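S.K.: Let me give you the structure first, and then I'll get to my questions.
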Amino acid sequence: MLNVESLVVRYGTAHALSGISLTVEPGRVTALLGNNGAGKTTLLRTLSGTIALHGGLAVGGSAQLEVRDLLRTPADRIVRAGLAQVPEGRRVFAQLSVEDNLRAGGLSVKSRRDAEQVLGRVLEMFPILRERSRQSAGLLSGGEQQMLAIGRALMSSPRVLLLDEPSLGIAPLVAREIATAVRQIADTGVAVLLVEQNTRLALGIADQVYAVDGGAVAAQGPASEFADSELLRRLSLGGGSGGAPASPRPASPRPVSPRPASPRKEQ
Ligand SMILES: Nc1ncnc2c1ncn2[C@@H]1O[C@H](COP(=O)(O)OP(=O)(O)OP(=O)(O)O)[C@@H](O)[C@H]1O
Ligand SMILES: [Mg+2]
């Protein structure tokens with residue numbers, strides 16, 4: 001459904017993504033793991049059409065949501081096409097009420113009747129948001145704000161949901177609650193791309209895993225085969241972008257051979 005092929009993204013002259021390829025399927029949680037600076041947030045910004053706001057530019061490769069070319073579609077149309085992003089650091093509108101934050105998420109895409117229905121489903125998924133619906137969002141705890149940020153993204157009824165480190169800075173119990181909700185969202189048929197540094201949490205709910213290092217995929221495979229992976233252990237221990245890929249183990253995840261940083265040549 002979402003296909004990224006040999007994507008190259010720069011900030012000025014510095015490459016942040018150097019030929020990354022992955023696919024994200026409906027009904028599945030695809031986890032993107034990697035150290036600080038690996039390029040995870042850059043990928044999500046590129047897919048949501050917001051990379052230019054951060055001074056970045058896609059200079060090679062492709063990113064398609066079905067037939068739609070995401071690299072040439074403005075951010076608001078990408079949302080309308082069914083892709084929503086929960087950005088790093090959960091940014092809610094602190095002065096607005098919880099309910100108004102949620103309604104803001106559905107504004108551009110929903111008729112009023114649809115919005116009421118989706119709002120009902122979001123409040124069912126996160127009952128604490130119903131309890132706090134009239135409170136200012138700024139008064140919520142970090143975990144509750146993350147739930148609100150996810151709920152707001154869900155208000156546009158996305159077919160693809162991008163999540164950037166939803167567990168960051170959140171108490172473990174609440175992080176697990178959020179992970180369970182993310183799994184439920186995928187189980188309704190949404191294609192979820194989950195960026196996480198909390199490997200254990202991500203592996204607990206993911207179907208497919210990509211380990212990213214230095215702006216490219218270092219390894220990929222089903223989540224079950226990652227749990228015990230020496231390669232992943234090395235990557236999460238801070239191998240950095242200069243580290244050579246680990247030698248292949250008999251079972252997957254399969255290491256990916258390095259790709260050239262330039263876009264694919266048309267034959
Ligand atoms: N707005 C920006 N301008 C210039 N360089 C940037 C910008 N944002 C990120 N970078 C650089 O691009 C590279 C990839 O950063 P990115 O934020 O995508 O990594 P990340 O995997 O999300 O890291 P983290 O785990 O710390 O969130 C890093 O070298 C980073 O310093
Ligand atoms: Mg990041």
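So you can find residues: chains in the structure tokens are A, B, ... in the order shown, residues in each start at 1, and ligands are numbered from 1 in order.
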Among region 38-238 of chain A, which residues carry a DSSP assignment of strand (DSSP E or B), reported as a PyMOL selection string?
M.R.: chain A and resi 56-65+68-69+83-86+97+136+160-164+191-196+208-213+216-222
S.K.: DSSP on the backbone: which residues in region 34-239 of chain A end up as helix (DSSP H, G or I)? Give the answer as an MDAnalysis selection string.
M.R.: chainID A and resid 40:47 51:54 70:72 75:80 98:106 112:125 127:131 137:139 142:154 172:187 199:205 223:226 230:236
S.K.: Work out how far CA of Leu168 (chain A) is from CA of Glu124 (chain A), in Å to one decimal.
M.R.: 23.6 Å
S.K.: Excluding same-chain residues fewer than 4 positions from Ile51 (chain A), what lies within 12 Å of it counting only C-alpha atoms, as a CSV table (one decimal) with all heavy atoms, in the first residue's frame?
M.R.:
```
chain,number,residue,atom,x,y,z
A,9,VAL,N,17.1,11.6,0.9
A,9,VAL,CA,16.7,12.9,1.4
A,9,VAL,C,17.9,13.6,2.0
A,9,VAL,O,18.7,13.0,2.8
A,9,VAL,CB,15.6,12.8,2.5
A,9,VAL,CG1,15.2,14.1,3.1
A,9,VAL,CG2,14.4,12.1,1.9
A,10,ARG,N,18.0,14.9,1.7
A,10,ARG,CA,19.1,15.8,2.3
A,10,ARG,C,18.5,16.9,3.0
A,10,ARG,O,17.5,17.5,2.8
A,10,ARG,CB,19.9,16.4,1.1
A,10,ARG,CG,20.7,15.4,0.3
A,10,ARG,CD,21.7,16.1,-0.6
A,10,ARG,NE,21.2,17.2,-1.3
A,10,ARG,CZ,21.4,17.4,-2.6
A,10,ARG,NH1,22.1,16.5,-3.3
A,10,ARG,NH2,21.0,18.5,-3.2
A,11,TYR,N,19.3,17.4,4.0
A,11,TYR,CA,19.1,18.7,4.6
A,11,TYR,C,20.3,19.5,4.2
A,11,TYR,O,21.5,19.2,4.6
A,11,TYR,CB,19.1,18.6,6.2
A,11,TYR,CG,18.0,17.8,6.8
A,11,TYR,CD1,18.2,16.5,7.2
A,11,TYR,CD2,16.7,18.4,6.9
A,11,TYR,CE1,17.2,15.8,7.8
A,11,TYR,CE2,15.7,17.7,7.5
A,11,TYR,CZ,15.9,16.4,7.9
A,11,TYR,OH,14.9,15.6,8.5
A,12,GLY,N,20.1,20.4,3.3
A,12,GLY,CA,21.3,21.1,2.7
A,12,GLY,C,22.1,20.1,2.0
A,12,GLY,O,21.6,19.4,1.1
A,16,ALA,N,20.4,12.6,5.0
A,16,ALA,CA,19.8,12.0,6.1
A,16,ALA,C,19.3,10.6,5.8
A,16,ALA,O,19.3,9.7,6.6
A,16,ALA,CB,18.7,12.9,6.7
A,17,LEU,N,18.8,10.5,4.5
A,17,LEU,CA,18.4,9.1,4.0
A,17,LEU,C,19.2,8.9,2.8
A,17,LEU,O,19.2,9.7,1.9
A,17,LEU,CB,16.9,9.1,3.7
A,17,LEU,CG,15.9,9.3,4.9
A,17,LEU,CD1,14.5,9.3,4.4
A,17,LEU,CD2,16.1,8.2,5.9
A,39,GLY,N,17.7,8.5,10.9
A,39,GLY,CA,16.9,9.0,9.7
A,39,GLY,C,15.4,8.6,9.9
A,39,GLY,O,14.6,8.9,8.9
A,41,THR,N,12.8,9.9,11.7
A,41,THR,CA,11.9,11.0,11.7
A,41,THR,C,11.9,11.6,10.3
A,41,THR,O,10.9,12.1,9.8
A,41,THR,CB,12.3,12.1,12.7
A,41,THR,OG1,12.2,11.5,14.0
A,41,THR,CG2,11.5,13.3,12.6
A,42,THR,N,13.1,11.7,9.7
A,42,THR,CA,13.2,12.2,8.3
A,42,THR,C,12.3,11.5,7.4
A,42,THR,O,11.6,12.1,6.5
A,42,THR,CB,14.7,12.2,7.9
A,42,THR,OG1,15.5,13.0,8.8
A,42,THR,CG2,14.8,12.7,6.5
A,43,LEU,N,12.3,10.1,7.5
A,43,LEU,CA,11.4,9.3,6.6
A,43,LEU,C,10.0,9.7,6.8
A,43,LEU,O,9.2,10.0,5.9
A,43,LEU,CB,11.7,7.8,6.9
A,43,LEU,CG,10.7,6.9,6.1
A,43,LEU,CD1,11.0,7.0,4.6
A,43,LEU,CD2,10.8,5.5,6.6
A,44,LEU,N,9.5,9.8,8.1
A,44,LEU,CA,8.1,10.1,8.4
A,44,LEU,C,7.8,11.5,7.8
A,44,LEU,O,6.7,11.7,7.2
A,44,LEU,CB,7.8,10.0,9.8
A,44,LEU,CG,8.0,8.7,10.5
A,44,LEU,CD1,7.3,8.6,11.9
A,44,LEU,CD2,7.6,7.5,9.7
A,45,ARG,N,8.7,12.5,8.0
A,45,ARG,CA,8.4,13.8,7.5
A,45,ARG,C,8.3,13.8,6.0
A,45,ARG,O,7.5,14.5,5.4
A,45,ARG,CB,9.6,14.7,7.9
A,45,ARG,CG,9.7,15.2,9.3
A,45,ARG,CD,11.0,15.9,9.6
A,45,ARG,NE,11.1,16.4,10.9
A,45,ARG,CZ,12.2,16.7,11.5
A,45,ARG,NH1,13.4,16.7,10.8
A,45,ARG,NH2,12.2,17.2,12.7
A,46,THR,N,9.1,13.0,5.4
A,46,THR,CA,9.1,13.0,3.9
A,46,THR,C,7.7,12.4,3.4
A,46,THR,O,7.1,12.9,2.5
A,46,THR,CB,10.2,12.2,3.3
A,46,THR,OG1,11.5,12.7,3.9
A,46,THR,CG2,10.3,12.2,1.8
A,47,LEU,N,7.3,11.3,4.1
A,47,LEU,CA,6.1,10.6,3.7
A,47,LEU,C,4.8,11.5,3.9
A,47,LEU,O,3.9,11.5,3.2
A,47,LEU,CB,5.9,9.3,4.5
A,47,LEU,CG,7.0,8.3,4.2
A,47,LEU,CD1,6.7,7.1,5.1
A,47,LEU,CD2,7.1,7.9,2.8
A,55,GLY,N,13.5,22.1,6.3
A,55,GLY,CA,14.7,22.4,5.5
A,55,GLY,C,15.2,21.2,4.7
A,55,GLY,O,16.4,21.2,4.3
A,56,GLY,N,14.4,20.1,4.6
A,56,GLY,CA,14.9,19.0,3.9
A,56,GLY,C,14.3,18.8,2.5
A,56,GLY,O,13.3,19.5,2.2
A,57,LEU,N,14.9,18.0,1.7
A,57,LEU,CA,14.5,17.8,0.3
A,57,LEU,C,14.7,16.4,-0.1
A,57,LEU,O,15.8,15.8,0.1
A,57,LEU,CB,15.3,18.8,-0.6
A,57,LEU,CG,14.9,18.8,-2.1
A,57,LEU,CD1,13.6,19.4,-2.3
A,57,LEU,CD2,16.0,19.6,-2.8
A,58,ALA,N,13.7,15.8,-0.8
A,58,ALA,CA,13.9,14.4,-1.3
A,58,ALA,C,14.6,14.6,-2.7
A,58,ALA,O,14.0,15.3,-3.6
A,58,ALA,CB,12.5,13.7,-1.5
A,59,VAL,N,15.7,14.0,-2.9
A,59,VAL,CA,16.4,14.2,-4.1
A,59,VAL,C,16.6,12.9,-5.0
A,59,VAL,O,17.1,13.0,-6.1
A,59,VAL,CB,17.9,14.8,-3.9
A,59,VAL,CG1,17.8,16.2,-3.3
A,59,VAL,CG2,18.7,13.9,-2.9
A,70,LEU,N,3.8,10.6,-3.3
A,70,LEU,CA,3.9,11.4,-2.0
A,70,LEU,C,4.9,12.5,-2.1
A,70,LEU,O,4.8,13.5,-1.4
A,70,LEU,CB,4.1,10.5,-0.8
A,70,LEU,CG,3.0,9.5,-0.5
A,70,LEU,CD1,3.5,8.6,0.7
A,70,LEU,CD2,1.7,10.2,-0.2
A,71,LEU,N,5.9,12.3,-3.0
A,71,LEU,CA,7.0,13.4,-3.1
A,71,LEU,C,6.5,14.6,-3.8
A,71,LEU,O,7.1,15.6,-3.8
A,71,LEU,CB,8.2,12.8,-3.7
A,71,LEU,CG,8.8,11.6,-3.1
A,71,LEU,CD1,10.1,11.1,-3.8
A,71,LEU,CD2,9.1,11.8,-1.6
A,72,ARG,N,5.4,14.4,-4.5
A,72,ARG,CA,4.8,15.6,-5.3
A,72,ARG,C,3.4,15.9,-4.9
A,72,ARG,O,2.6,16.4,-5.7
A,72,ARG,CB,4.9,15.3,-6.8
A,72,ARG,CG,6.3,15.5,-7.3
A,72,ARG,CD,6.6,14.9,-8.7
A,72,ARG,NE,8.0,14.8,-8.9
A,72,ARG,CZ,8.8,13.9,-8.4
A,72,ARG,NH1,8.3,12.9,-7.7
A,72,ARG,NH2,10.1,13.9,-8.7
A,73,THR,N,3.1,15.6,-3.6
A,73,THR,CA,1.7,15.9,-3.2
A,73,THR,C,1.8,16.8,-1.9
A,73,THR,O,2.6,16.5,-1.0
A,73,THR,CB,1.0,14.6,-2.8
A,73,THR,OG1,1.0,13.7,-3.9
A,73,THR,CG2,-0.5,14.9,-2.4
A,74,PRO,N,1.1,17.9,-1.8
A,74,PRO,CA,1.2,18.8,-0.7
A,74,PRO,C,0.6,18.1,0.6
A,74,PRO,O,-0.2,17.2,0.5
A,74,PRO,CB,0.3,20.0,-1.0
A,74,PRO,CG,-0.1,19.8,-2.4
A,74,PRO,CD,0.2,18.4,-2.9
A,75,ALA,N,1.1,18.5,1.7
A,75,ALA,CA,0.8,17.8,3.0
A,75,ALA,C,-0.7,17.7,3.2
A,75,ALA,O,-1.2,16.7,3.7
A,75,ALA,CB,1.5,18.6,4.2
A,87,PRO,N,3.4,13.3,15.1
A,87,PRO,CA,4.8,13.7,15.1
A,87,PRO,C,5.6,13.5,16.4
A,87,PRO,O,4.9,13.2,17.4
A,87,PRO,CB,4.8,15.2,14.8
A,87,PRO,CG,3.4,15.7,15.2
A,87,PRO,CD,2.5,14.5,15.2
```
S.K.: By how many Å are atom 10 (N, counted along the ligand's line) of ligand 1 and CA of Ser167 (chain A) apart?
M.R.: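 Going from atom 10 (N, counted along the ligand's line) of ligand 1 over to CA of Ser167 (chain A), I get 20.8 Å.
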